[in-house]
Amino acid sequence: MTSTTAPAATPGRTPTRRCRADALVLGVELALLAVAVVVGALLNARGAGLHADAAPLYATWRPHLGWGSPAALLVAVAVVGWGTRWARTARWSVLLVSAWLAAVAWTLSLALVDGWSAGLTRRLTPQAEYLHEVPRVTDIPAMLAGFTGRILDFQPDSWSTHTAGHPPGALLIFVLLDRVGLGGGTAAALACVLVGATVAVSVPVTLRALGAADAARAVIPFLVLLPGAVWVGASADGIFAAVVAAGLALLAVRGRATAAAGGALLGFALHLSYGFLLVGVLALAVLALRRTHRWGALLAACAGVTAVTAIFVAAGFEWWEGYRLVVERYYQGWAADRPYGYWVWANLAALLLSAGPALGPALHRVLLAARSQWPVLRGVLPARAPAPLAGPAPGGPRFGPGAAANCWRAAGRLATPAAAAVRAAGPTVVLPLAAVAAVVGADLSGLSKAEVERIWLPFIVWLLVATARLPAGSRRWWLAGQAVTALAVNHLVWTVS
């Protein structure tokens, strides 16, 4: 199986120059974080309405230790010390199981820094959370049918903040857990941890299915020591990230049936968060990177998405109507106060704390690799757009089935060489760039002002695919930086799910 890890050497760049470039990028990351913290503190002192005491994080400054502290340190030392070697040499099935267990241990230990009660049991029980609404849902079909009518605030039966801000799939998960006897804060929090940790399996499976076997192994330690695990345990966004990652993994695996199942999962993800419309960028990237049956997989995936959407529509919930109302609800709350001029760039500092310091240097290498692929892309694309196969008859209708078919064929002529160029770049370039595009879209929308350290988790795990391009000899140091970031955040501030 072919590999799509970092090239052995970048033309014209010596190891010393690459190390200097890494140091420069790391300096930029630290400067961005420092400025975001200082400006956030100044704005909070002036009462600017950030609604984030430890901006750019949605958290409160509270240095503390817990009985999860030594456990987290032990996991970090083990993964930094032996993780890269184990990922390189272990049997694949054993490696995936080990990755999931290690991710669970890391996430649980970080949660327990805040204590069993505050870190897990009571984390999802405040009024703003989904569990607040679970006892009020006595009829699931009625809940779905009347969901949009309760999105707007300032009415007697308005949904709580998180429930109103998401489609009903998010609430449905916790209602179903309650129905099968797993109700309450502890079960819900553990579900977030156990399901959220599966991203350490789904992402490598995707890479391996797309022909990047070495890269799949290289990214596993970075997914295990994900700084964003601070928010995976415990918030529903951990489950969201896992659902998206599993859906994309199914799109990558051979077979139209698995692509349809992946489309169904991504269709359900659309009903977990309105922002997951941007996951479409990642889905298209995965489909373009497939070796075979790309068009068939695309049609199967679309069928899966359509089927799930149709089920929700038949139950009475229309995604597009929910989105229209949630934008209005968004500005009924803190979003009306939070200044776009701060959060549009400070969000990136919060993302860095969730993705870790390895992200910048890794993305720098991705951009260098993408630039080296530009001549390939320019070479495979036609010099000009292909002419239509047949134009409309003189005096005939301008549009019709024939014209539509011609446009489809012309688009196919362009799509085929473009897809070839995408596959030439490889998953370790294309998937992080697709995640960057999704993050930029979310950031500029103005609908992600603060709290992105957890909201963007489904994109962050795909950004970290870029870490496969870090030099093998330096990965242990970058892993240490990832662990230190998570431990520092978890011990210096009190995070909010």
# chains A, B, ... in the order shown; residues from 1 in each chain; ligands from 1
>>> select_by_dssp(residues="segment 159-359 of chain A", states="alpha helix (DSSP H)", output="MDAnalysis selection string")
chainID A and resid 161:164 168:179 185:196 199:209 213:224 229:232 236:252 256:270 279:289 294:315 319:330 340:355 359
>>> residues_around(residues="Phe459 of chain A", least_positions_apart="4", cutoff="9 Å", atoms="only C-alpha atoms", output="list of chain:residue names")
A:Ala241, A:Val279, A:Leu282, A:Pro432, A:Ala435, A:Val436, A:Ala438, A:Val439, A:Ile455, A:Leu463, A:Leu464
>>> write_last_selection(atoms="all heavy atoms", output="mmCIF file, in the first residue's frame")
data_model
loop_
_atom_site.group_PDB
_atom_site.id
_atom_site.type_symbol
_atom_site.label_atom_id
_atom_site.label_comp_id
_atom_site.auth_asym_id
_atom_site.auth_seq_id
_atom_site.Cartn_x
_atom_site.Cartn_y
_atom_site.Cartn_z
ATOM 1 N N ALA A 241 -17.924 15.017 16.929
ATOM 2 C CA ALA A 241 -16.680 14.792 16.192
ATOM 3 C C ALA A 241 -16.552 13.329 15.785
ATOM 4 O O ALA A 241 -16.088 13.013 14.679
ATOM 5 C CB ALA A 241 -15.478 15.207 17.041
ATOM 6 N N VAL A 279 -18.990 20.253 6.629
ATOM 7 C CA VAL A 279 -18.353 18.939 6.531
ATOM 8 C C VAL A 279 -18.402 18.450 5.081
ATOM 9 O O VAL A 279 -17.604 17.590 4.683
ATOM 10 C CB VAL A 279 -19.027 17.933 7.484
ATOM 11 C CG1 VAL A 279 -18.528 16.511 7.258
ATOM 12 C CG2 VAL A 279 -18.781 18.345 8.936
ATOM 13 N N LEU A 282 -15.047 18.389 3.457
ATOM 14 C CA LEU A 282 -14.242 17.209 3.793
ATOM 15 C C LEU A 282 -14.757 15.966 3.078
ATOM 16 O O LEU A 282 -13.966 15.134 2.617
ATOM 17 C CB LEU A 282 -14.263 16.990 5.301
ATOM 18 C CG LEU A 282 -13.289 17.838 6.125
ATOM 19 C CD1 LEU A 282 -13.707 17.860 7.591
ATOM 20 C CD2 LEU A 282 -11.870 17.313 5.989
ATOM 21 N N PRO A 432 -6.186 18.130 5.425
ATOM 22 C CA PRO A 432 -5.991 19.325 6.260
ATOM 23 C C PRO A 432 -6.431 20.614 5.570
ATOM 24 O O PRO A 432 -7.008 21.496 6.213
ATOM 25 C CB PRO A 432 -4.487 19.331 6.532
ATOM 26 C CG PRO A 432 -4.061 17.922 6.376
ATOM 27 C CD PRO A 432 -4.924 17.362 5.285
ATOM 28 N N ALA A 435 -10.108 20.856 5.802
ATOM 29 C CA ALA A 435 -10.492 21.272 7.154
ATOM 30 C C ALA A 435 -10.239 22.759 7.368
ATOM 31 O O ALA A 435 -11.034 23.457 8.017
ATOM 32 C CB ALA A 435 -9.731 20.449 8.190
ATOM 33 N N VAL A 436 -9.131 23.272 6.814
ATOM 34 C CA VAL A 436 -8.859 24.717 6.891
ATOM 35 C C VAL A 436 -9.982 25.504 6.217
ATOM 36 O O VAL A 436 -10.460 26.515 6.758
ATOM 37 C CB VAL A 436 -7.497 25.043 6.235
ATOM 38 C CG1 VAL A 436 -7.357 26.546 6.015
ATOM 39 C CG2 VAL A 436 -6.359 24.538 7.097
ATOM 40 N N ALA A 438 -13.077 24.629 5.833
ATOM 41 C CA ALA A 438 -14.274 24.571 6.672
ATOM 42 C C ALA A 438 -14.171 25.528 7.859
ATOM 43 O O ALA A 438 -15.128 26.234 8.200
ATOM 44 C CB ALA A 438 -14.498 23.141 7.156
ATOM 45 N N VAL A 439 -12.997 25.565 8.496
ATOM 46 C CA VAL A 439 -12.791 26.453 9.645
ATOM 47 C C VAL A 439 -12.894 27.909 9.224
ATOM 48 O O VAL A 439 -13.526 28.724 9.928
ATOM 49 C CB VAL A 439 -11.427 26.161 10.299
ATOM 50 C CG1 VAL A 439 -11.028 27.282 11.253
ATOM 51 C CG2 VAL A 439 -11.472 24.838 11.048
ATOM 52 N N ILE A 455 -16.450 23.557 19.719
ATOM 53 C CA ILE A 455 -17.357 23.520 18.567
ATOM 54 C C ILE A 455 -16.647 23.037 17.309
ATOM 55 O O ILE A 455 -17.230 22.330 16.475
ATOM 56 C CB ILE A 455 -17.972 24.917 18.334
ATOM 57 C CG1 ILE A 455 -18.866 25.315 19.519
ATOM 58 C CG2 ILE A 455 -18.775 24.957 17.043
ATOM 59 C CD1 ILE A 455 -19.355 26.748 19.454
ATOM 60 N N LEU A 463 -7.545 18.569 10.829
ATOM 61 C CA LEU A 463 -6.379 19.439 10.711
ATOM 62 C C LEU A 463 -5.115 18.703 11.153
ATOM 63 O O LEU A 463 -4.036 18.873 10.573
ATOM 64 C CB LEU A 463 -6.563 20.694 11.567
ATOM 65 C CG LEU A 463 -7.580 21.735 11.098
ATOM 66 C CD1 LEU A 463 -7.771 22.805 12.168
ATOM 67 C CD2 LEU A 463 -7.147 22.381 9.789
ATOM 68 N N LEU A 464 -5.251 17.864 12.184
ATOM 69 C CA LEU A 464 -4.090 17.172 12.730
ATOM 70 C C LEU A 464 -3.572 16.063 11.829
ATOM 71 O O LEU A 464 -2.513 15.493 12.101
ATOM 72 C CB LEU A 464 -4.412 16.618 14.122
ATOM 73 C CG LEU A 464 -4.546 17.680 15.216
ATOM 74 C CD1 LEU A 464 -4.910 17.043 16.548
ATOM 75 C CD2 LEU A 464 -3.251 18.478 15.363
#
>>> atom_distance(atom1="atom CA of Ala350 of chain A", atom2="atom CA of Ala23 of chain A")
20.1 Å
>>> residues_around(residues="Ala71 of chain A", least_positions_apart="3", cutoff="12 Å", atoms="only C-alpha atoms", output="PyMOL selection string")
chain A and resi 65-68+74-78+102+104-113+487
>>> residues_around(residues="Val39 of chain A", least_positions_apart="6", cutoff="10 Å", atoms="only C-alpha atoms", output="JSON, numbers by chain")
{"A": [33, 45, 55, 56, 342, 346]}
>>> closest_residue(among="A:Gly360, A:Gly49, A:Pro167, A:Gly255", to="Leu24 of chain A", atoms="only C-alpha atoms")
A:Gly360
>>> residues_around(residues="Leu248 of chain A", least_positions_apart="4", cutoff="8 Å", atoms="only C-alpha atoms", output="ChimeraX atom specification")
/A:206,244,252,262,266,282-283,286
>>> write_last_selection(atoms="all heavy atoms", output="PDB file, in the first residue's frame")
ATOM      1  N   THR A 206      -9.488   6.092   7.832  1.00  0.00           N
ATOM      2  CA  THR A 206      -9.712   6.865   6.610  1.00  0.00           C
ATOM      3  C   THR A 206      -8.423   7.004   5.813  1.00  0.00           C
ATOM      4  O   THR A 206      -8.398   6.770   4.597  1.00  0.00           O
ATOM      5  CB  THR A 206     -10.253   8.264   6.959  1.00  0.00           C
ATOM      6  OG1 THR A 206     -11.447   8.133   7.743  1.00  0.00           O
ATOM      7  CG2 THR A 206     -10.561   9.066   5.709  1.00  0.00           C
ATOM      8  N   VAL A 244     -18.970  12.495  12.795  1.00  0.00           N
ATOM      9  CA  VAL A 244     -18.438  13.027  11.530  1.00  0.00           C
ATOM     10  C   VAL A 244     -17.258  12.176  11.065  1.00  0.00           C
ATOM     11  O   VAL A 244     -17.171  11.802   9.885  1.00  0.00           O
ATOM     12  CB  VAL A 244     -18.018  14.497  11.700  1.00  0.00           C
ATOM     13  CG1 VAL A 244     -17.205  14.966  10.501  1.00  0.00           C
ATOM     14  CG2 VAL A 244     -19.244  15.376  11.883  1.00  0.00           C
ATOM     15  N   ALA A 252     -14.551   6.581   2.796  1.00  0.00           N
ATOM     16  CA  ALA A 252     -13.239   6.241   2.249  1.00  0.00           C
ATOM     17  C   ALA A 252     -13.090   4.754   1.948  1.00  0.00           C
ATOM     18  O   ALA A 252     -12.353   4.373   1.045  1.00  0.00           O
ATOM     19  CB  ALA A 252     -12.147   6.674   3.228  1.00  0.00           C
ATOM     20  N   GLY A 262     -21.971   5.803   5.198  1.00  0.00           N
ATOM     21  CA  GLY A 262     -21.270   7.031   5.559  1.00  0.00           C
ATOM     22  C   GLY A 262     -22.120   8.258   5.300  1.00  0.00           C
ATOM     23  O   GLY A 262     -22.163   9.190   6.119  1.00  0.00           O
ATOM     24  N   LEU A 266     -23.364  11.047   7.983  1.00  0.00           N
ATOM     25  CA  LEU A 266     -23.161  12.481   7.780  1.00  0.00           C
ATOM     26  C   LEU A 266     -24.494  13.213   7.706  1.00  0.00           C
ATOM     27  O   LEU A 266     -24.601  14.376   8.110  1.00  0.00           O
ATOM     28  CB  LEU A 266     -22.340  12.721   6.513  1.00  0.00           C
ATOM     29  CG  LEU A 266     -20.900  12.184   6.568  1.00  0.00           C
ATOM     30  CD1 LEU A 266     -20.179  12.460   5.253  1.00  0.00           C
ATOM     31  CD2 LEU A 266     -20.131  12.809   7.726  1.00  0.00           C
ATOM     32  N   LEU A 282     -15.047  18.389   3.457  1.00  0.00           N
ATOM     33  CA  LEU A 282     -14.242  17.209   3.793  1.00  0.00           C
ATOM     34  C   LEU A 282     -14.757  15.966   3.078  1.00  0.00           C
ATOM     35  O   LEU A 282     -13.966  15.134   2.617  1.00  0.00           O
ATOM     36  CB  LEU A 282     -14.263  16.990   5.301  1.00  0.00           C
ATOM     37  CG  LEU A 282     -13.289  17.838   6.125  1.00  0.00           C
ATOM     38  CD1 LEU A 282     -13.707  17.860   7.591  1.00  0.00           C
ATOM     39  CD2 LEU A 282     -11.870  17.313   5.989  1.00  0.00           C
ATOM     40  N   ALA A 283     -16.076  15.833   2.993  1.00  0.00           N
ATOM     41  CA  ALA A 283     -16.655  14.664   2.332  1.00  0.00           C
ATOM     42  C   ALA A 283     -16.253  14.621   0.855  1.00  0.00           C
ATOM     43  O   ALA A 283     -15.885  13.565   0.328  1.00  0.00           O
ATOM     44  CB  ALA A 283     -18.171  14.679   2.476  1.00  0.00           C
ATOM     45  N   VAL A 286     -12.626  13.528   0.588  1.00  0.00           N
ATOM     46  CA  VAL A 286     -12.466  12.080   0.772  1.00  0.00           C
ATOM     47  C   VAL A 286     -12.888  11.331  -0.486  1.00  0.00           C
ATOM     48  O   VAL A 286     -12.202  10.412  -0.948  1.00  0.00           O
ATOM     49  CB  VAL A 286     -13.279  11.602   1.990  1.00  0.00           C
ATOM     50  CG1 VAL A 286     -13.346  10.078   2.041  1.00  0.00           C
ATOM     51  CG2 VAL A 286     -12.668  12.133   3.280  1.00  0.00           C
TER      52      VAL A 286
END
>>> decode(residues="segment 59-71 of chain A", atoms="all heavy atoms", output="PDB file, in the first residue's frame")
ATOM      1  N   ALA A  59     -13.974  30.012  29.432  1.00  0.00           N
ATOM      2  CA  ALA A  59     -13.539  29.383  30.678  1.00  0.00           C
ATOM      3  C   ALA A  59     -13.312  30.469  31.722  1.00  0.00           C
ATOM      4  O   ALA A  59     -13.444  31.672  31.440  1.00  0.00           O
ATOM      5  CB  ALA A  59     -12.248  28.583  30.448  1.00  0.00           C
ATOM      6  N   THR A  60     -12.970  30.029  32.922  1.00  0.00           N
ATOM      7  CA  THR A  60     -12.676  30.931  34.025  1.00  0.00           C
ATOM      8  C   THR A  60     -11.289  30.608  34.559  1.00  0.00           C
ATOM      9  O   THR A  60     -10.932  29.427  34.700  1.00  0.00           O
ATOM     10  CB  THR A  60     -13.703  30.747  35.166  1.00  0.00           C
ATOM     11  OG1 THR A  60     -15.014  30.999  34.657  1.00  0.00           O
ATOM     12  CG2 THR A  60     -13.424  31.713  36.307  1.00  0.00           C
ATOM     13  N   TRP A  61     -10.492  31.639  34.829  1.00  0.00           N
ATOM     14  CA  TRP A  61      -9.163  31.408  35.396  1.00  0.00           C
ATOM     15  C   TRP A  61      -9.313  30.798  36.788  1.00  0.00           C
ATOM     16  O   TRP A  61      -9.895  31.392  37.689  1.00  0.00           O
ATOM     17  CB  TRP A  61      -8.380  32.714  35.490  1.00  0.00           C
ATOM     18  CG  TRP A  61      -7.971  33.276  34.161  1.00  0.00           C
ATOM     19  CD1 TRP A  61      -8.501  34.336  33.504  1.00  0.00           C
ATOM     20  CD2 TRP A  61      -6.922  32.781  33.314  1.00  0.00           C
ATOM     21  NE1 TRP A  61      -7.876  34.552  32.306  1.00  0.00           N
ATOM     22  CE2 TRP A  61      -6.888  33.598  32.155  1.00  0.00           C
ATOM     23  CE3 TRP A  61      -6.016  31.720  33.417  1.00  0.00           C
ATOM     24  CZ2 TRP A  61      -5.989  33.402  31.124  1.00  0.00           C
ATOM     25  CZ3 TRP A  61      -5.115  31.523  32.385  1.00  0.00           C
ATOM     26  CH2 TRP A  61      -5.101  32.360  31.254  1.00  0.00           C
ATOM     27  N   ARG A  62      -8.790  29.574  36.960  1.00  0.00           N
ATOM     28  CA  ARG A  62      -8.855  28.918  38.271  1.00  0.00           C
ATOM     29  C   ARG A  62      -7.787  27.821  38.335  1.00  0.00           C
ATOM     30  O   ARG A  62      -8.078  26.639  38.067  1.00  0.00           O
ATOM     31  CB  ARG A  62     -10.238  28.316  38.531  1.00  0.00           C
ATOM     32  CG  ARG A  62     -10.426  27.823  39.972  1.00  0.00           C
ATOM     33  CD  ARG A  62     -11.671  26.993  40.147  1.00  0.00           C
ATOM     34  NE  ARG A  62     -12.887  27.705  39.799  1.00  0.00           N
ATOM     35  CZ  ARG A  62     -14.113  27.164  39.871  1.00  0.00           C
ATOM     36  NH1 ARG A  62     -14.243  25.901  40.268  1.00  0.00           N
ATOM     37  NH2 ARG A  62     -15.176  27.858  39.526  1.00  0.00           N
ATOM     38  N   PRO A  63      -6.550  28.169  38.663  1.00  0.00           N
ATOM     39  CA  PRO A  63      -5.517  27.128  38.776  1.00  0.00           C
ATOM     40  C   PRO A  63      -5.915  26.094  39.819  1.00  0.00           C
ATOM     41  O   PRO A  63      -6.367  26.430  40.914  1.00  0.00           O
ATOM     42  CB  PRO A  63      -4.282  27.918  39.215  1.00  0.00           C
ATOM     43  CG  PRO A  63      -4.537  29.318  38.737  1.00  0.00           C
ATOM     44  CD  PRO A  63      -6.017  29.529  38.880  1.00  0.00           C
ATOM     45  N   HIS A  64      -5.773  24.818  39.464  1.00  0.00           N
ATOM     46  CA  HIS A  64      -6.189  23.768  40.373  1.00  0.00           C
ATOM     47  C   HIS A  64      -5.508  22.453  40.011  1.00  0.00           C
ATOM     48  O   HIS A  64      -4.991  22.280  38.902  1.00  0.00           O
ATOM     49  CB  HIS A  64      -7.713  23.589  40.341  1.00  0.00           C
ATOM     50  CG  HIS A  64      -8.245  23.169  39.000  1.00  0.00           C
ATOM     51  ND1 HIS A  64      -8.298  24.023  37.912  1.00  0.00           N
ATOM     52  CD2 HIS A  64      -8.740  21.978  38.559  1.00  0.00           C
ATOM     53  CE1 HIS A  64      -8.805  23.376  36.866  1.00  0.00           C
ATOM     54  NE2 HIS A  64      -9.074  22.138  37.224  1.00  0.00           N
ATOM     55  N   LEU A  65      -5.521  21.532  40.958  1.00  0.00           N
ATOM     56  CA  LEU A  65      -5.054  20.167  40.761  1.00  0.00           C
ATOM     57  C   LEU A  65      -6.185  19.224  41.119  1.00  0.00           C
ATOM     58  O   LEU A  65      -7.127  19.595  41.826  1.00  0.00           O
ATOM     59  CB  LEU A  65      -3.834  19.870  41.635  1.00  0.00           C
ATOM     60  CG  LEU A  65      -2.535  20.616  41.316  1.00  0.00           C
ATOM     61  CD1 LEU A  65      -1.520  20.365  42.425  1.00  0.00           C
ATOM     62  CD2 LEU A  65      -1.970  20.158  39.978  1.00  0.00           C
ATOM     63  N   GLY A  66      -6.082  17.998  40.647  1.00  0.00           N
ATOM     64  CA  GLY A  66      -7.083  16.998  40.970  1.00  0.00           C
ATOM     65  C   GLY A  66      -6.463  15.620  40.948  1.00  0.00           C
ATOM     66  O   GLY A  66      -5.312  15.448  40.536  1.00  0.00           O
ATOM     67  N   TRP A  67      -7.243  14.609  41.361  1.00  0.00           N
ATOM     68  CA  TRP A  67      -6.654  13.275  41.392  1.00  0.00           C
ATOM     69  C   TRP A  67      -6.511  12.691  39.997  1.00  0.00           C
ATOM     70  O   TRP A  67      -5.904  11.634  39.814  1.00  0.00           O
ATOM     71  CB  TRP A  67      -7.416  12.355  42.333  1.00  0.00           C
ATOM     72  CG  TRP A  67      -8.851  12.084  42.020  1.00  0.00           C
ATOM     73  CD1 TRP A  67      -9.902  12.880  42.324  1.00  0.00           C
ATOM     74  CD2 TRP A  67      -9.378  10.922  41.388  1.00  0.00           C
ATOM     75  NE1 TRP A  67     -11.080  12.297  41.909  1.00  0.00           N
ATOM     76  CE2 TRP A  67     -10.783  11.089  41.335  1.00  0.00           C
ATOM     77  CE3 TRP A  67      -8.841   9.758  40.857  1.00  0.00           C
ATOM     78  CZ2 TRP A  67     -11.642  10.132  40.771  1.00  0.00           C
ATOM     79  CZ3 TRP A  67      -9.686   8.812  40.297  1.00  0.00           C
ATOM     80  CH2 TRP A  67     -11.064   8.998  40.259  1.00  0.00           C
ATOM     81  N   GLY A  68      -7.005  13.397  38.988  1.00  0.00           N
ATOM     82  CA  GLY A  68      -6.718  13.001  37.623  1.00  0.00           C
ATOM     83  C   GLY A  68      -5.379  13.518  37.128  1.00  0.00           C
ATOM     84  O   GLY A  68      -4.888  13.075  36.085  1.00  0.00           O
ATOM     85  N   SER A  69      -4.774  14.450  37.863  1.00  0.00           N
ATOM     86  CA  SER A  69      -3.509  15.061  37.417  1.00  0.00           C
ATOM     87  C   SER A  69      -2.394  14.044  37.237  1.00  0.00           C
ATOM     88  O   SER A  69      -1.762  14.001  36.177  1.00  0.00           O
ATOM     89  CB  SER A  69      -3.087  16.160  38.394  1.00  0.00           C
ATOM     90  OG  SER A  69      -4.073  17.174  38.476  1.00  0.00           O
ATOM     91  N   PRO A  70      -2.092  13.191  38.242  1.00  0.00           N
ATOM     92  CA  PRO A  70      -1.016  12.211  38.035  1.00  0.00           C
ATOM     93  C   PRO A  70      -1.344  11.197  36.941  1.00  0.00           C
ATOM     94  O   PRO A  70      -0.455  10.751  36.210  1.00  0.00           O
ATOM     95  CB  PRO A  70      -0.872  11.533  39.405  1.00  0.00           C
ATOM     96  CG  PRO A  70      -2.125  11.837  40.133  1.00  0.00           C
ATOM     97  CD  PRO A  70      -2.611  13.155  39.620  1.00  0.00           C
ATOM     98  N   ALA A  71      -2.617  10.850  36.799  1.00  0.00           N
ATOM     99  CA  ALA A  71      -3.004   9.907  35.748  1.00  0.00           C
ATOM    100  C   ALA A  71      -2.771  10.508  34.372  1.00  0.00           C
ATOM    101  O   ALA A  71      -2.250   9.841  33.461  1.00  0.00           O
ATOM    102  CB  ALA A  71      -4.476   9.514  35.914  1.00  0.00           C
TER     103      ALA A  71
END
